[in-house]
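Only one structure is covered here, and it is reproduced in the block below.
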Amino acid sequence: MWQNCAYVDNLCLLRKLRMKRQNLLKLPALFAFFLMVNFANAQITLQNPSFEDEPADATTPMGWFPCEEGTTPDILPGYWGVYQEANDGDTFVGIITRESGTYESIGQRTSDVMEKGSCYEFSLDLAHSDNYAGYTGALQLRIYIGAKKCKTSQLIFESPVIEDEDWQEFEVEFTPEKNSEYIIIEAFHKDGKFSFKGNILIDNFSPIKICSRA
């Protein structure tokens, strides 16, 4: 304490000033640490966002579950004539539409609730295969969020028709209309009845973050 130093004791006063300065210098580092912790906590993550698993046909990647009846996604490359490389990691997932009018859809529960009225953003990579055992039509991808498993309550993203075998990154920004904790992705051709054999390839979901814009 200051009162413990005699005014004539310059060494004591200098020691106190030095200690106070050292404590002040620690504050920016502590502030940066707490910012990093809060930023990490603000991220909502997915299990297995790059669909890493043993390549297999008719197999849902670890961390994901099928939503639409008849969903049998493929962990690629290596099956159905699809041999292009993953854009992140070793594998990616392929989902299709069929001439019967059925389509494939997978989803999962997110690590935290996406809160109503908050702005979120993430990115993912999409591509198309010109082979895929005859399911060669170009598709779109739809992404939904919901409060219950496989419940497509709110459409948050619809891609353009993906025709290129090269991976393309897409950024998604959305605001939940109600608290949601599930994300669902589906192969999409058109609303209503259709007869179309197509494929779309998905890889490299980023964490879901609070929007960086003001």
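We name chains A, B, ... following the order of the structure tokens; residues begin at 1 in each chain, and ligands are numbered from 1 as shown.
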So which residues of region 11-206 of chain A fall under helix (DSSP H, G or I) by DSSP, listed as a ChimeraX atom specification? /A:11-42,132-134
Residues from last step as file, N, CA and C atoms, as a CSV table (one decimal), in the first residue's frame:
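Done, and the output landed in again02.csv:
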chain,number,residue,atom,x,y,z
A,11,LEU,N,13.1,4.3,-3.3
A,11,LEU,CA,13.2,2.9,-3.8
A,11,LEU,C,11.8,2.2,-3.6
A,12,CYS,N,11.2,2.5,-2.5
A,12,CYS,CA,9.9,1.9,-2.2
A,12,CYS,C,8.9,2.4,-3.2
A,13,LEU,N,8.9,3.7,-3.5
A,13,LEU,CA,7.9,4.3,-4.4
A,13,LEU,C,8.2,3.8,-5.8
A,14,LEU,N,9.4,3.6,-6.3
A,14,LEU,CA,9.7,3.1,-7.6
A,14,LEU,C,9.2,1.7,-7.8
A,15,ARG,N,9.4,0.9,-6.7
A,15,ARG,CA,9.0,-0.5,-6.7
A,15,ARG,C,7.5,-0.6,-6.9
A,16,LYS,N,6.7,0.3,-6.2
A,16,LYS,CA,5.3,0.3,-6.3
A,16,LYS,C,4.8,0.7,-7.7
A,17,LEU,N,5.5,1.7,-8.3
A,17,LEU,CA,5.1,2.1,-9.6
A,17,LEU,C,5.4,1.0,-10.7
A,18,ARG,N,6.5,0.3,-10.4
A,18,ARG,CA,6.9,-0.8,-11.4
A,18,ARG,C,5.9,-1.9,-11.3
A,19,MET,N,5.4,-2.3,-10.1
A,19,MET,CA,4.4,-3.3,-10.0
A,19,MET,C,3.1,-2.9,-10.6
A,20,LYS,N,2.7,-1.6,-10.4
A,20,LYS,CA,1.5,-1.1,-11.0
A,20,LYS,C,1.5,-1.2,-12.5
A,21,ARG,N,2.7,-0.8,-13.1
A,21,ARG,CA,2.9,-0.8,-14.6
A,21,ARG,C,2.8,-2.2,-15.1
A,22,GLN,N,3.4,-3.2,-14.4
A,22,GLN,CA,3.4,-4.6,-14.9
A,22,GLN,C,1.9,-5.1,-14.9
A,23,ASN,N,1.2,-4.7,-13.9
A,23,ASN,CA,-0.3,-5.2,-13.8
A,23,ASN,C,-1.1,-4.6,-15.0
A,24,LEU,N,-0.8,-3.3,-15.3
A,24,LEU,CA,-1.4,-2.7,-16.4
A,24,LEU,C,-1.1,-3.3,-17.8
A,25,LEU,N,0.2,-3.7,-17.9
A,25,LEU,CA,0.6,-4.4,-19.1
A,25,LEU,C,0.0,-5.7,-19.3
A,26,LYS,N,-0.4,-6.4,-18.3
A,26,LYS,CA,-1.1,-7.7,-18.4
A,26,LYS,C,-2.5,-7.6,-18.9
A,27,LEU,N,-3.1,-6.4,-18.8
A,27,LEU,CA,-4.5,-6.2,-19.1
A,27,LEU,C,-4.8,-6.5,-20.6
A,28,PRO,N,-4.0,-6.0,-21.6
A,28,PRO,CA,-4.3,-6.3,-23.0
A,28,PRO,C,-4.3,-7.7,-23.3
A,29,ALA,N,-3.3,-8.5,-22.7
A,29,ALA,CA,-3.2,-9.9,-23.0
A,29,ALA,C,-4.4,-10.6,-22.5
A,30,LEU,N,-4.9,-10.3,-21.2
A,30,LEU,CA,-6.1,-10.9,-20.7
A,30,LEU,C,-7.3,-10.6,-21.5
A,31,PHE,N,-7.4,-9.3,-21.9
A,31,PHE,CA,-8.5,-8.9,-22.8
A,31,PHE,C,-8.6,-9.7,-24.1
A,32,ALA,N,-7.4,-9.9,-24.7
A,32,ALA,CA,-7.4,-10.7,-26.0
A,32,ALA,C,-7.7,-12.1,-25.7
A,33,PHE,N,-7.3,-12.7,-24.5
A,33,PHE,CA,-7.6,-14.0,-24.2
A,33,PHE,C,-9.1,-14.2,-24.1
A,34,PHE,N,-9.8,-13.3,-23.4
A,34,PHE,CA,-11.2,-13.4,-23.2
A,34,PHE,C,-12.0,-13.2,-24.5
A,35,LEU,N,-11.5,-12.4,-25.4
A,35,LEU,CA,-12.1,-12.2,-26.7
A,35,LEU,C,-12.0,-13.5,-27.5
A,36,MET,N,-10.9,-14.2,-27.4
A,36,MET,CA,-10.7,-15.4,-28.1
A,36,MET,C,-11.7,-16.5,-27.6
A,37,VAL,N,-11.8,-16.5,-26.3
A,37,VAL,CA,-12.7,-17.5,-25.6
A,37,VAL,C,-14.1,-17.2,-26.1
A,38,ASN,N,-14.5,-16.0,-26.0
A,38,ASN,CA,-15.9,-15.6,-26.4
A,38,ASN,C,-16.2,-15.9,-27.9
A,39,PHE,N,-15.2,-15.6,-28.7
A,39,PHE,CA,-15.3,-15.9,-30.1
A,39,PHE,C,-15.5,-17.4,-30.4
A,40,ALA,N,-14.7,-18.2,-29.7
A,40,ALA,CA,-14.8,-19.6,-29.9
A,40,ALA,C,-16.2,-20.1,-29.4
A,41,ASN,N,-16.7,-19.6,-28.3
A,41,ASN,CA,-18.0,-20.0,-27.8
A,41,ASN,C,-19.1,-19.5,-28.7
A,42,ALA,N,-18.8,-18.5,-29.5
A,42,ALA,CA,-19.9,-17.9,-30.4
A,42,ALA,C,-20.1,-18.8,-31.6
A,132,TYR,N,-21.4,-40.6,-62.2
A,132,TYR,CA,-22.3,-41.0,-61.1
A,132,TYR,C,-23.4,-42.0,-61.6
A,133,ALA,N,-22.9,-43.0,-62.3
A,133,ALA,CA,-23.7,-44.2,-62.7
A,133,ALA,C,-25.0,-43.8,-63.4
A,134,GLY,N,-24.9,-42.8,-64.2
A,134,GLY,CA,-26.1,-42.4,-65.0
A,134,GLY,C,-26.9,-41.3,-64.3
Backbone-only DSSP, strand (DSSP E or B) members of region 3-202 of chain A, as a ChimeraX atom specification: /A:44,56,65-66,74-76,79,82,92-97,103,105-114,120-127,137-146,154-158,162,168-174,180-188,198-202
Show which residues sit within 12 Å of Leu46 (chain A), as a PyMOL selection string. Count only C-alpha atoms, and ignore same-chain residues fewer than 5 positions away. chain A and resi 51+62-64+107-113+122+181-184+204-209
How would the residues just chosen look if you wrote them out with N, CA and C atoms as a CSV table (one decimal), in the first residue's frame?
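Saved to again-v7.csv:
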chain,number,residue,atom,x,y,z
A,51,PHE,N,-17.5,-34.4,-44.1
A,51,PHE,CA,-18.0,-35.8,-44.5
A,51,PHE,C,-16.8,-36.8,-44.6
A,62,MET,N,-20.5,-40.4,-40.9
A,62,MET,CA,-20.6,-40.2,-39.5
A,62,MET,C,-21.0,-38.8,-39.1
A,63,GLY,N,-21.9,-38.7,-38.1
A,63,GLY,CA,-22.4,-37.4,-37.6
A,63,GLY,C,-23.6,-36.9,-38.2
A,64,TRP,N,-24.0,-37.6,-39.3
A,64,TRP,CA,-25.2,-37.2,-40.1
A,64,TRP,C,-26.3,-38.3,-40.1
A,107,GLY,N,-29.2,-34.6,-42.5
A,107,GLY,CA,-29.2,-33.5,-41.5
A,107,GLY,C,-28.4,-33.9,-40.3
A,108,GLN,N,-28.4,-33.0,-39.3
A,108,GLN,CA,-27.8,-33.2,-38.0
A,108,GLN,C,-28.2,-32.1,-37.1
A,109,ARG,N,-28.0,-32.4,-35.8
A,109,ARG,CA,-28.2,-31.4,-34.8
A,109,ARG,C,-27.0,-30.6,-34.6
A,110,THR,N,-27.1,-29.3,-34.5
A,110,THR,CA,-25.9,-28.4,-34.4
A,110,THR,C,-25.5,-28.4,-32.9
A,111,SER,N,-24.3,-27.9,-32.7
A,111,SER,CA,-23.7,-27.9,-31.3
A,111,SER,C,-24.4,-26.9,-30.4
A,112,ASP,N,-25.1,-26.0,-30.9
A,112,ASP,CA,-25.8,-25.0,-30.1
A,112,ASP,C,-27.0,-24.5,-30.8
A,113,VAL,N,-27.9,-23.8,-30.1
A,113,VAL,CA,-29.1,-23.2,-30.7
A,113,VAL,C,-28.8,-22.0,-31.6
A,122,PHE,N,-22.1,-18.9,-42.8
A,122,PHE,CA,-21.2,-20.1,-42.9
A,122,PHE,C,-20.9,-20.2,-44.4
A,181,GLU,N,-32.2,-25.8,-34.0
A,181,GLU,CA,-30.9,-26.5,-33.6
A,181,GLU,C,-30.7,-27.7,-34.5
A,182,TYR,N,-31.3,-27.7,-35.7
A,182,TYR,CA,-31.1,-28.7,-36.7
A,182,TYR,C,-30.8,-28.1,-38.0
A,183,ILE,N,-29.9,-28.7,-38.8
A,183,ILE,CA,-29.7,-28.2,-40.2
A,183,ILE,C,-29.9,-29.4,-41.1
A,184,ILE,N,-30.6,-29.2,-42.3
A,184,ILE,CA,-30.9,-30.2,-43.2
A,184,ILE,C,-30.5,-29.8,-44.6
A,204,ASN,N,-16.9,-29.6,-47.0
A,204,ASN,CA,-16.3,-28.5,-46.3
A,204,ASN,C,-17.2,-27.4,-45.8
A,205,PHE,N,-18.2,-27.8,-44.9
A,205,PHE,CA,-19.0,-26.9,-44.2
A,205,PHE,C,-18.1,-26.1,-43.2
A,206,SER,N,-18.2,-24.8,-43.1
A,206,SER,CA,-17.5,-24.1,-42.1
A,206,SER,C,-18.3,-24.0,-40.8
A,207,PRO,N,-17.7,-23.6,-39.7
A,207,PRO,CA,-18.5,-23.4,-38.5
A,207,PRO,C,-19.6,-22.3,-38.8
A,208,ILE,N,-20.6,-22.3,-38.1
A,208,ILE,CA,-21.7,-21.3,-38.2
A,208,ILE,C,-21.4,-20.2,-37.2
A,209,LYS,N,-21.1,-19.0,-37.7
A,209,LYS,CA,-20.7,-17.9,-36.9
A,209,LYS,C,-21.7,-16.7,-36.9
Tell me, as a ChimeraX atom specification, which residues lie within 10 Å of Glu177 (chain A), counting only C-alpha atoms; anything in the same chain fewer than 3 positions away does not count. /A:114-118,145-146,153-154,174,180
Computed interatomic separation between CA of Glu104 (chain A) and CA of Glu68 (chain A) (Å):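 One can read the CA of Glu104 (chain A) to CA of Glu68 (chain A) distance as 5.9 Å.
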